[in-house]
Amino acid sequence: MRVWRTSRQSGKCAAFLAIFMLILSAELVKTASEYDPYNTLGVSRSASQAEIKRAYKRLAREWHPDKNKDPNAEDMFIKISKSYEILSNEERRSNFDRFGQKDENQPFGQSQHHGFRSFHSSFYFDESFFHFPRNRDFSDSKYMLRLAQFNNEVLPDSHKRPYLIKVTSEWCFACIHIEPVWKETVQELEPLGVGIGIVDLGFDRALAKQLGAYRAPSIIGVVNGRVTFFHQAVVREFLRQFVEDLLPQKLVMKLTDDNYMAFLENWHVENKPRVLLFDQVPVVPLLYKLTAFAFRDYVRFGFVDQGGTGSTRLLLQFNINTYAPTMLLFKEDTVKPVDIIQARGMKRQMMDEFVSNNKFLQVPRLVNQQLFDELCPVKQFHRRRKYCVLLITGDDPAYLPANKAFLDFASGNSKDVLRFAYVYQRQQQPLCQALLQNQGAHSAQVVILERRSQTGKVLYRSVSGGWNGSEEDKYHLHEQLELLQKDPTYLTSDATLPELNNEMAPIFIIRWMNAAYDYMLQIYDDLLYSNWREMMPILSLIFSALFIVFGTVIIQAFSEPGESKPQKPKPKPKEQTRTEDDASSRASTSSRPPKKDFVEVTELTGITYTSNLVKLRPGHINVLLVLTNASKSALLRKFAKEVFSFSGSETLHFSFLNADKHRHWMPSLLRLACDGAQSQSHSDDEEESSNYMGYVLALNGHKKYFCLFRPVFTGDDGSDSSSDTSFSSDSRRKSRSKSRSSSHSRSRSRSREDGSSSRRGSSRATSIEVHHKLDRLGLWMERLMEGTLPRIHVPAWPTLVDDTAES
């Protein structure tokens with residue numbers, strides 16, 4: 001009974017275990033098959049490469065971690081990138097379609113068990129579950145960079161080849177996802193000549209800070225000492241394109257039958273050999289671009305597409321084999337190349353050796369100190385002596401035969417111990433003066449020299465007789481070189497040469513523009529991808545400058561110079577308050593600086609009378625000067641001087657009235673202002689005969705009122721009458737500003753008193769200089785803009801009649 005019960009329990013356990021294994025197997029199969037790159041990109045299994053690429057770009061923009069704030073955006077973006085990596089490669093796509101294989105290194109037929117192994121590894125929580133490797137890959141250790149190594153080796157070497165640097169750390173999940181792509185990219189680009197580096201955030205934070213890398217993983221490119229971040233999906237094709245975009249433009253010139261001769265003949269201008277690259281591809285391969293970048297200071301590169309229709313004549317001329325890539329190197333001879341290389345699998349080492357052995361012309365021109373140091377190195381004790389045969393010539397057409405003869409001589413006497421070069425005397429005057437001992441050369445000269453130290457010390461000997469290129473000159477130079485090789489003491493003169501001028505250096509404005517372009521490109525890149533840590537100092541500087549500029553403008557706008565702080569006003573009638581508000585608004589405009597360096601003063605005539613007075617715009621005032629023919633020049637000059645500081649106001653207009661032409665206008669205006677009182681005390685003849693020369697009126701045509709300025713003598717005459725008149729006039733001005741009710745009556749009494757004072761002063765008119773009449777006009781103008789002058793209202797403006805026409 002117990003045995004049966006035990007067996008029955010064992011059967012139940014076995015059944016439960018079988019059910020559990022079936023469920024687990026179903027889940028594992030489901031887990032292994034739920035990742036499908038086609039479903040991830042949303043394309044069918046028969047989709048073309050163009051459809052796959054379009055779907056990838058759309059999803060990459062949507063799920064990019066920098067733009068999508070979804071917590072799962074980074075994982076989804078990695079999944080999209082991995083799917084595109086599989087489907088964009090025809091071999092991987094075929095393996096996935098046939099076997100469900102996602103990795104090139106995974107053997108066929110093993111993808112079904114991958115889920116169980118992943119489950120087993122994850123179940124026991126080993127390092128593959130957490131993606132934290134216990135030990136760093138040994139292959140990565142040789143690429144690890146330190147701060148000193150980066151500054152001393154990578155930065156200088158980045159001027160010869162680009163560097164691709166990965167920023168990683170130990171505690172980085174995403175670094176594990178990009179590791180396979182990174183290794184494939186390194187295996188492809190490193191043989192081409194691309195420098196590889198790895199920076200660990202945990203080991204060298206100083207280097208990461210210098211690079212501006214604050215998160216892992218990051219991929220950085222370094223070219224010519226400039227750091228550029230990679231911001232696309234980590235796919236091998238994108239990384240390759242990123243490296244290609246780091247290189248300068250126009251490294252390799254595309255050549256056809258139309259432009260190849262001009263390219264070859266330009267060796268004389270650029271002072272560089274020419275290399276022609278022939279290949280069957282329509283675009284320049286990255287290998288050629290990297291080689292051209294490494295030797296861009298020595299050799300000029302051109303590319304010929306053998307499959308193109310525009311290079312038929314070029315291929316026939318040089319008899320190019322179209323079945324393998326070919327390189328031709330030309331120097332001074334543009335018809336026959338000096339060296340040829342042809343190989344199906346063109347390697348970088350082969351190309352470097354080919355170019356480095358021919359990186360100088362047969363007879364190069366010394367254009368900078370670097371070229372001089374490489375052509376004529378300083379003598380070393382453990383090395384064989386090297387001599388430099390230098391032709392000092394000119395760039396005029398008269399020197400061409402001698403230069404051509406020197407080239408022919410150098411071609412026939414090429415030896416390892418001899419280096420031939422030439423220099424233009426006009427471009428390198430300090431060097432030529434040191435070698436010729438300050439003696440001007442009317443013909444070409446040949447100097448044999450040996451450099452002894454880096455400071456410029458040389459031993460040299462000038463070939464007597466100059467150089468005309470004749471056979472006798474060639475024989476004489478050959479004899480001198482034979483003697484030099486037998487007896488090194490043949491060089492008897494010594495000198496210290498100055499540093500050569502850099503003839504190929506760009507002008508300052510070009511260098512400044514290139515530096516500004518690089519700086520703006522870096523700012524744009526930082527702004528586009530929100531590198532705020534690097535941009536914070538620049539943004540702080542920009543906003544500080546803007547704050548200072550706009551703050552200064554606002555302060556100047558609201559606190560104008562010369563404006564006094566207004567006192568607390570006393571309670572005043574409503575009409576007076578409105579009047580002073582209008583005056584203060586006009587006063588605020590008076591402090592504006594003049595827009596011109598002169599004052600426009602127009603004459604008030606029958607034509608301008610309506611526009612300048614009768615129909616003057618509201619708020620505008622016409623300041624009118626009364627003068628005569630005799631005083632016109634002096635008064636206008638003085639008037640312009642006094643009102644110049646107020647001419648910046650847009651509400652002020654300046655005019656003058658000729659009293660000799662319009663004698664009745666002033667008396668008519670005063671009669672209308674006094675409402676008949678002036679006519680009762682004085683006759684018309686007296687008013688017409690009054691002298692109004694020097695009077696100034698501020699006319700408000702819209703509101704029909706005016707303010708009156710009467711000339712007062714302010715000269716050196718110290719008589720009591722004049723001073724009393726001036727004193728009484730000032731005292732009356734002060735008394736009128738106390739109240740609005742008393743100002744009207746006092747203005748009438750002042751007009752009568754001033755009229756009497758003007759008649760008393762008329763007897764002294766001969767002693768008054770004309771220009772002194774407007775000495776106090778500036779003070780009067782200030783009171784006018786303040787609104788403190790009394791206003792004399794008129795019912796209407798009198799008509800302006802030309803009295804000279806009537807007579």
# chains A, B, ... in the order shown; residues from 1 in each chain; ligands from 1
>>> residues_around(residues="range 691-706 of chain A", least_positions_apart="4", cutoff="7 Å", atoms="only C-alpha atoms", output="list in words")
Leu613, Val614, Lys615, Leu616, Arg617, Pro618, His620, Ile621, Asn622, Val623, Leu624, Leu625, Val626, Leu627, Thr628, Arg710, Pro711, Lys773, Leu774, Arg791, Ile792, His793, Val794, Pro795 and Ala796 of chain A
>>> residues_around(residues="Val194 in chain A", least_positions_apart="6", cutoff="10 Å", atoms="only C-alpha atoms", output="VMD selection string")
chain A and resid 158 160 to 164 186 188 243 287 290
>>> residues_around(residues="Gln280 in chain A", least_positions_apart="5", cutoff="10 Å", atoms="only C-alpha atoms", output="list in words")
Val304, Asp305, Gln306, Gly307, Gly308, Thr322, Tyr323, Ala324 and Pro325 of chain A
>>> write_last_selection(atoms="all heavy atoms", output="PDB file, in the first residue's frame")
ATOM      1  N   VAL A 304      41.508  59.305 -61.279  1.00  0.00           N
ATOM      2  CA  VAL A 304      40.918  59.076 -62.601  1.00  0.00           C
ATOM      3  C   VAL A 304      40.013  57.851 -62.505  1.00  0.00           C
ATOM      4  O   VAL A 304      40.456  56.768 -62.088  1.00  0.00           O
ATOM      5  CB  VAL A 304      41.993  58.854 -63.675  1.00  0.00           C
ATOM      6  CG1 VAL A 304      41.344  58.636 -65.035  1.00  0.00           C
ATOM      7  CG2 VAL A 304      42.959  60.035 -63.720  1.00  0.00           C
ATOM      8  N   ASP A 305      38.744  58.030 -62.870  1.00  0.00           N
ATOM      9  CA  ASP A 305      37.787  56.932 -62.910  1.00  0.00           C
ATOM     10  C   ASP A 305      37.932  56.206 -64.240  1.00  0.00           C
ATOM     11  O   ASP A 305      37.607  56.753 -65.302  1.00  0.00           O
ATOM     12  CB  ASP A 305      36.366  57.468 -62.730  1.00  0.00           C
ATOM     13  CG  ASP A 305      35.316  56.369 -62.787  1.00  0.00           C
ATOM     14  OD1 ASP A 305      35.698  55.182 -62.674  1.00  0.00           O
ATOM     15  OD2 ASP A 305      34.123  56.706 -62.934  1.00  0.00           O
ATOM     16  N   GLN A 306      38.452  54.980 -64.201  1.00  0.00           N
ATOM     17  CA  GLN A 306      38.671  54.235 -65.442  1.00  0.00           C
ATOM     18  C   GLN A 306      37.374  53.857 -66.127  1.00  0.00           C
ATOM     19  O   GLN A 306      37.351  53.636 -67.342  1.00  0.00           O
ATOM     20  CB  GLN A 306      39.485  52.959 -65.141  1.00  0.00           C
ATOM     21  CG  GLN A 306      40.865  53.226 -64.585  1.00  0.00           C
ATOM     22  CD  GLN A 306      41.633  51.958 -64.288  1.00  0.00           C
ATOM     23  OE1 GLN A 306      41.141  50.852 -64.508  1.00  0.00           O
ATOM     24  NE2 GLN A 306      42.837  52.101 -63.764  1.00  0.00           N
ATOM     25  N   GLY A 307      36.280  53.755 -65.373  1.00  0.00           N
ATOM     26  CA  GLY A 307      35.015  53.391 -65.986  1.00  0.00           C
ATOM     27  C   GLY A 307      34.252  54.566 -66.544  1.00  0.00           C
ATOM     28  O   GLY A 307      33.205  54.391 -67.173  1.00  0.00           O
ATOM     29  N   GLY A 308      34.738  55.796 -66.327  1.00  0.00           N
ATOM     30  CA  GLY A 308      34.058  56.979 -66.832  1.00  0.00           C
ATOM     31  C   GLY A 308      34.309  57.202 -68.303  1.00  0.00           C
ATOM     32  O   GLY A 308      35.277  56.713 -68.894  1.00  0.00           O
ATOM     33  N   THR A 322      43.353  48.445 -67.187  1.00  0.00           N
ATOM     34  CA  THR A 322      42.090  48.710 -66.507  1.00  0.00           C
ATOM     35  C   THR A 322      41.675  47.615 -65.543  1.00  0.00           C
ATOM     36  O   THR A 322      40.626  47.723 -64.907  1.00  0.00           O
ATOM     37  CB  THR A 322      40.977  48.912 -67.550  1.00  0.00           C
ATOM     38  OG1 THR A 322      40.867  47.728 -68.355  1.00  0.00           O
ATOM     39  CG2 THR A 322      41.261  50.107 -68.429  1.00  0.00           C
ATOM     40  N   TYR A 323      42.471  46.550 -65.418  1.00  0.00           N
ATOM     41  CA  TYR A 323      42.081  45.423 -64.569  1.00  0.00           C
ATOM     42  C   TYR A 323      42.651  45.532 -63.151  1.00  0.00           C
ATOM     43  O   TYR A 323      42.346  44.700 -62.305  1.00  0.00           O
ATOM     44  CB  TYR A 323      42.536  44.092 -65.190  1.00  0.00           C
ATOM     45  CG  TYR A 323      41.861  43.800 -66.508  1.00  0.00           C
ATOM     46  CD1 TYR A 323      42.515  44.033 -67.706  1.00  0.00           C
ATOM     47  CD2 TYR A 323      40.555  43.308 -66.543  1.00  0.00           C
ATOM     48  CE1 TYR A 323      41.891  43.773 -68.920  1.00  0.00           C
ATOM     49  CE2 TYR A 323      39.929  43.053 -67.748  1.00  0.00           C
ATOM     50  CZ  TYR A 323      40.594  43.288 -68.935  1.00  0.00           C
ATOM     51  OH  TYR A 323      39.983  43.037 -70.129  1.00  0.00           O
ATOM     52  N   ALA A 324      43.481  46.523 -62.886  1.00  0.00           N
ATOM     53  CA  ALA A 324      44.080  46.663 -61.558  1.00  0.00           C
ATOM     54  C   ALA A 324      44.315  48.148 -61.290  1.00  0.00           C
ATOM     55  O   ALA A 324      44.605  48.918 -62.215  1.00  0.00           O
ATOM     56  CB  ALA A 324      45.400  45.891 -61.468  1.00  0.00           C
ATOM     57  N   PRO A 325      44.206  48.570 -60.062  1.00  0.00           N
ATOM     58  CA  PRO A 325      44.507  49.966 -59.723  1.00  0.00           C
ATOM     59  C   PRO A 325      45.959  50.308 -60.029  1.00  0.00           C
ATOM     60  O   PRO A 325      46.869  49.490 -59.854  1.00  0.00           O
ATOM     61  CB  PRO A 325      44.228  50.033 -58.217  1.00  0.00           C
ATOM     62  CG  PRO A 325      43.312  48.896 -57.933  1.00  0.00           C
ATOM     63  CD  PRO A 325      43.687  47.818 -58.904  1.00  0.00           C
TER      64      PRO A 325
END
>>> closest_residue(among="A:Ala343, A:Leu784, A:Leu247, A:Ile448", to="His478 in chain A", atoms="only C-alpha atoms")
A:Ile448
>>> residues_around(residues="Asp660 in chain A", least_positions_apart="5", cutoff="8 Å", atoms="only C-alpha atoms", output="PyMOL selection string")
chain A and resi 628-629+803-804
>>> closest_residue(among="A:Ile196, A:Val553, A:Met666, A:Val335", to="Tyr260 in chain A", atoms="only C-alpha atoms")
A:Val335
>>> select_by_dssp(residues="range 195-401 of chain A", states="helix (DSSP H, G or I)", output="PyMOL selection string")
chain A and resi 205-211+236-246+260-265+267-270+286-294+309-318+348-356+369-375+397-401
>>> select_by_dssp(residues="range 292-424 of chain A", states="strand (DSSP E or B)", output="count of residues only")
30
>>> residues_around(residues="Val235 in chain A", least_positions_apart="3", cutoff="12 Å", atoms="only C-alpha atoms", output="PyMOL selection string")
chain A and resi 56+60+77-89+177-185+219+230-232+238-242
>>> residues_around(residues="range 601-608 of chain A", least_positions_apart="2", cutoff="6 Å", atoms="only C-alpha atoms", output="PyMOL selection string")
chain A and resi 610-612+654-657
>>> closest_residue(among="A:Tyr387, A:Tyr298, A:Trp512, A:Tyr214", to="Lys359 in chain A", atoms="only C-alpha atoms")
A:Tyr298
>>> residues_around(residues="Leu459 in chain A", least_positions_apart="4", cutoff="6 Å", atoms="only C-alpha atoms", output="PyMOL selection string")
chain A and resi 449-450+491+493-494
>>> write_last_selection(atoms="all heavy atoms", output="PDB file, in the first residue's frame")
ATOM      1  N   LEU A 449      76.990  73.875 -50.438  1.00  0.00           N
ATOM      2  CA  LEU A 449      77.036  74.090 -48.990  1.00  0.00           C
ATOM      3  C   LEU A 449      76.783  72.789 -48.238  1.00  0.00           C
ATOM      4  O   LEU A 449      76.199  71.841 -48.757  1.00  0.00           O
ATOM      5  CB  LEU A 449      76.040  75.171 -48.564  1.00  0.00           C
ATOM      6  CG  LEU A 449      74.551  74.969 -48.849  1.00  0.00           C
ATOM      7  CD1 LEU A 449      73.863  74.245 -47.702  1.00  0.00           C
ATOM      8  CD2 LEU A 449      73.861  76.309 -49.085  1.00  0.00           C
ATOM      9  N   GLU A 450      77.242  72.801 -46.992  1.00  0.00           N
ATOM     10  CA  GLU A 450      77.021  71.700 -46.059  1.00  0.00           C
ATOM     11  C   GLU A 450      76.589  72.302 -44.726  1.00  0.00           C
ATOM     12  O   GLU A 450      77.282  73.163 -44.164  1.00  0.00           O
ATOM     13  CB  GLU A 450      78.293  70.870 -45.872  1.00  0.00           C
ATOM     14  CG  GLU A 450      78.106  69.736 -44.885  1.00  0.00           C
ATOM     15  CD  GLU A 450      79.426  69.029 -44.565  1.00  0.00           C
ATOM     16  OE1 GLU A 450      80.479  69.557 -44.975  1.00  0.00           O
ATOM     17  OE2 GLU A 450      79.383  67.982 -43.899  1.00  0.00           O
ATOM     18  N   LEU A 491      85.282  73.091 -48.996  1.00  0.00           N
ATOM     19  CA  LEU A 491      84.393  74.192 -48.618  1.00  0.00           C
ATOM     20  C   LEU A 491      85.137  75.079 -47.627  1.00  0.00           C
ATOM     21  O   LEU A 491      85.359  74.689 -46.467  1.00  0.00           O
ATOM     22  CB  LEU A 491      83.100  73.650 -48.005  1.00  0.00           C
ATOM     23  CG  LEU A 491      82.298  72.681 -48.894  1.00  0.00           C
ATOM     24  CD1 LEU A 491      81.053  72.202 -48.154  1.00  0.00           C
ATOM     25  CD2 LEU A 491      81.910  73.349 -50.205  1.00  0.00           C
ATOM     26  N   SER A 493      84.492  78.594 -46.964  1.00  0.00           N
ATOM     27  CA  SER A 493      83.789  79.734 -46.358  1.00  0.00           C
ATOM     28  C   SER A 493      82.741  79.217 -45.380  1.00  0.00           C
ATOM     29  O   SER A 493      82.215  78.107 -45.538  1.00  0.00           O
ATOM     30  CB  SER A 493      83.111  80.586 -47.433  1.00  0.00           C
ATOM     31  OG  SER A 493      84.066  81.059 -48.375  1.00  0.00           O
ATOM     32  N   ASP A 494      82.451  80.008 -44.371  1.00  0.00           N
ATOM     33  CA  ASP A 494      81.397  79.671 -43.425  1.00  0.00           C
ATOM     34  C   ASP A 494      80.492  80.870 -43.222  1.00  0.00           C
ATOM     35  O   ASP A 494      80.887  82.022 -43.404  1.00  0.00           O
ATOM     36  CB  ASP A 494      81.973  79.204 -42.096  1.00  0.00           C
ATOM     37  CG  ASP A 494      82.782  80.302 -41.410  1.00  0.00           C
ATOM     38  OD1 ASP A 494      83.210  81.244 -42.115  1.00  0.00           O
ATOM     39  OD2 ASP A 494      82.973  80.238 -40.190  1.00  0.00           O
TER      40      ASP A 494
END
>>> closest_residue(among="A:Tyr609, A:Phe709, A:Ser631, A:Asp258", to="Thr312 in chain A", atoms="only C-alpha atoms")
A:Asp258
>>> atom_distance(atom1="CA of Val417 in chain A", atom2="CA of Ala444 in chain A")
23.1 Å
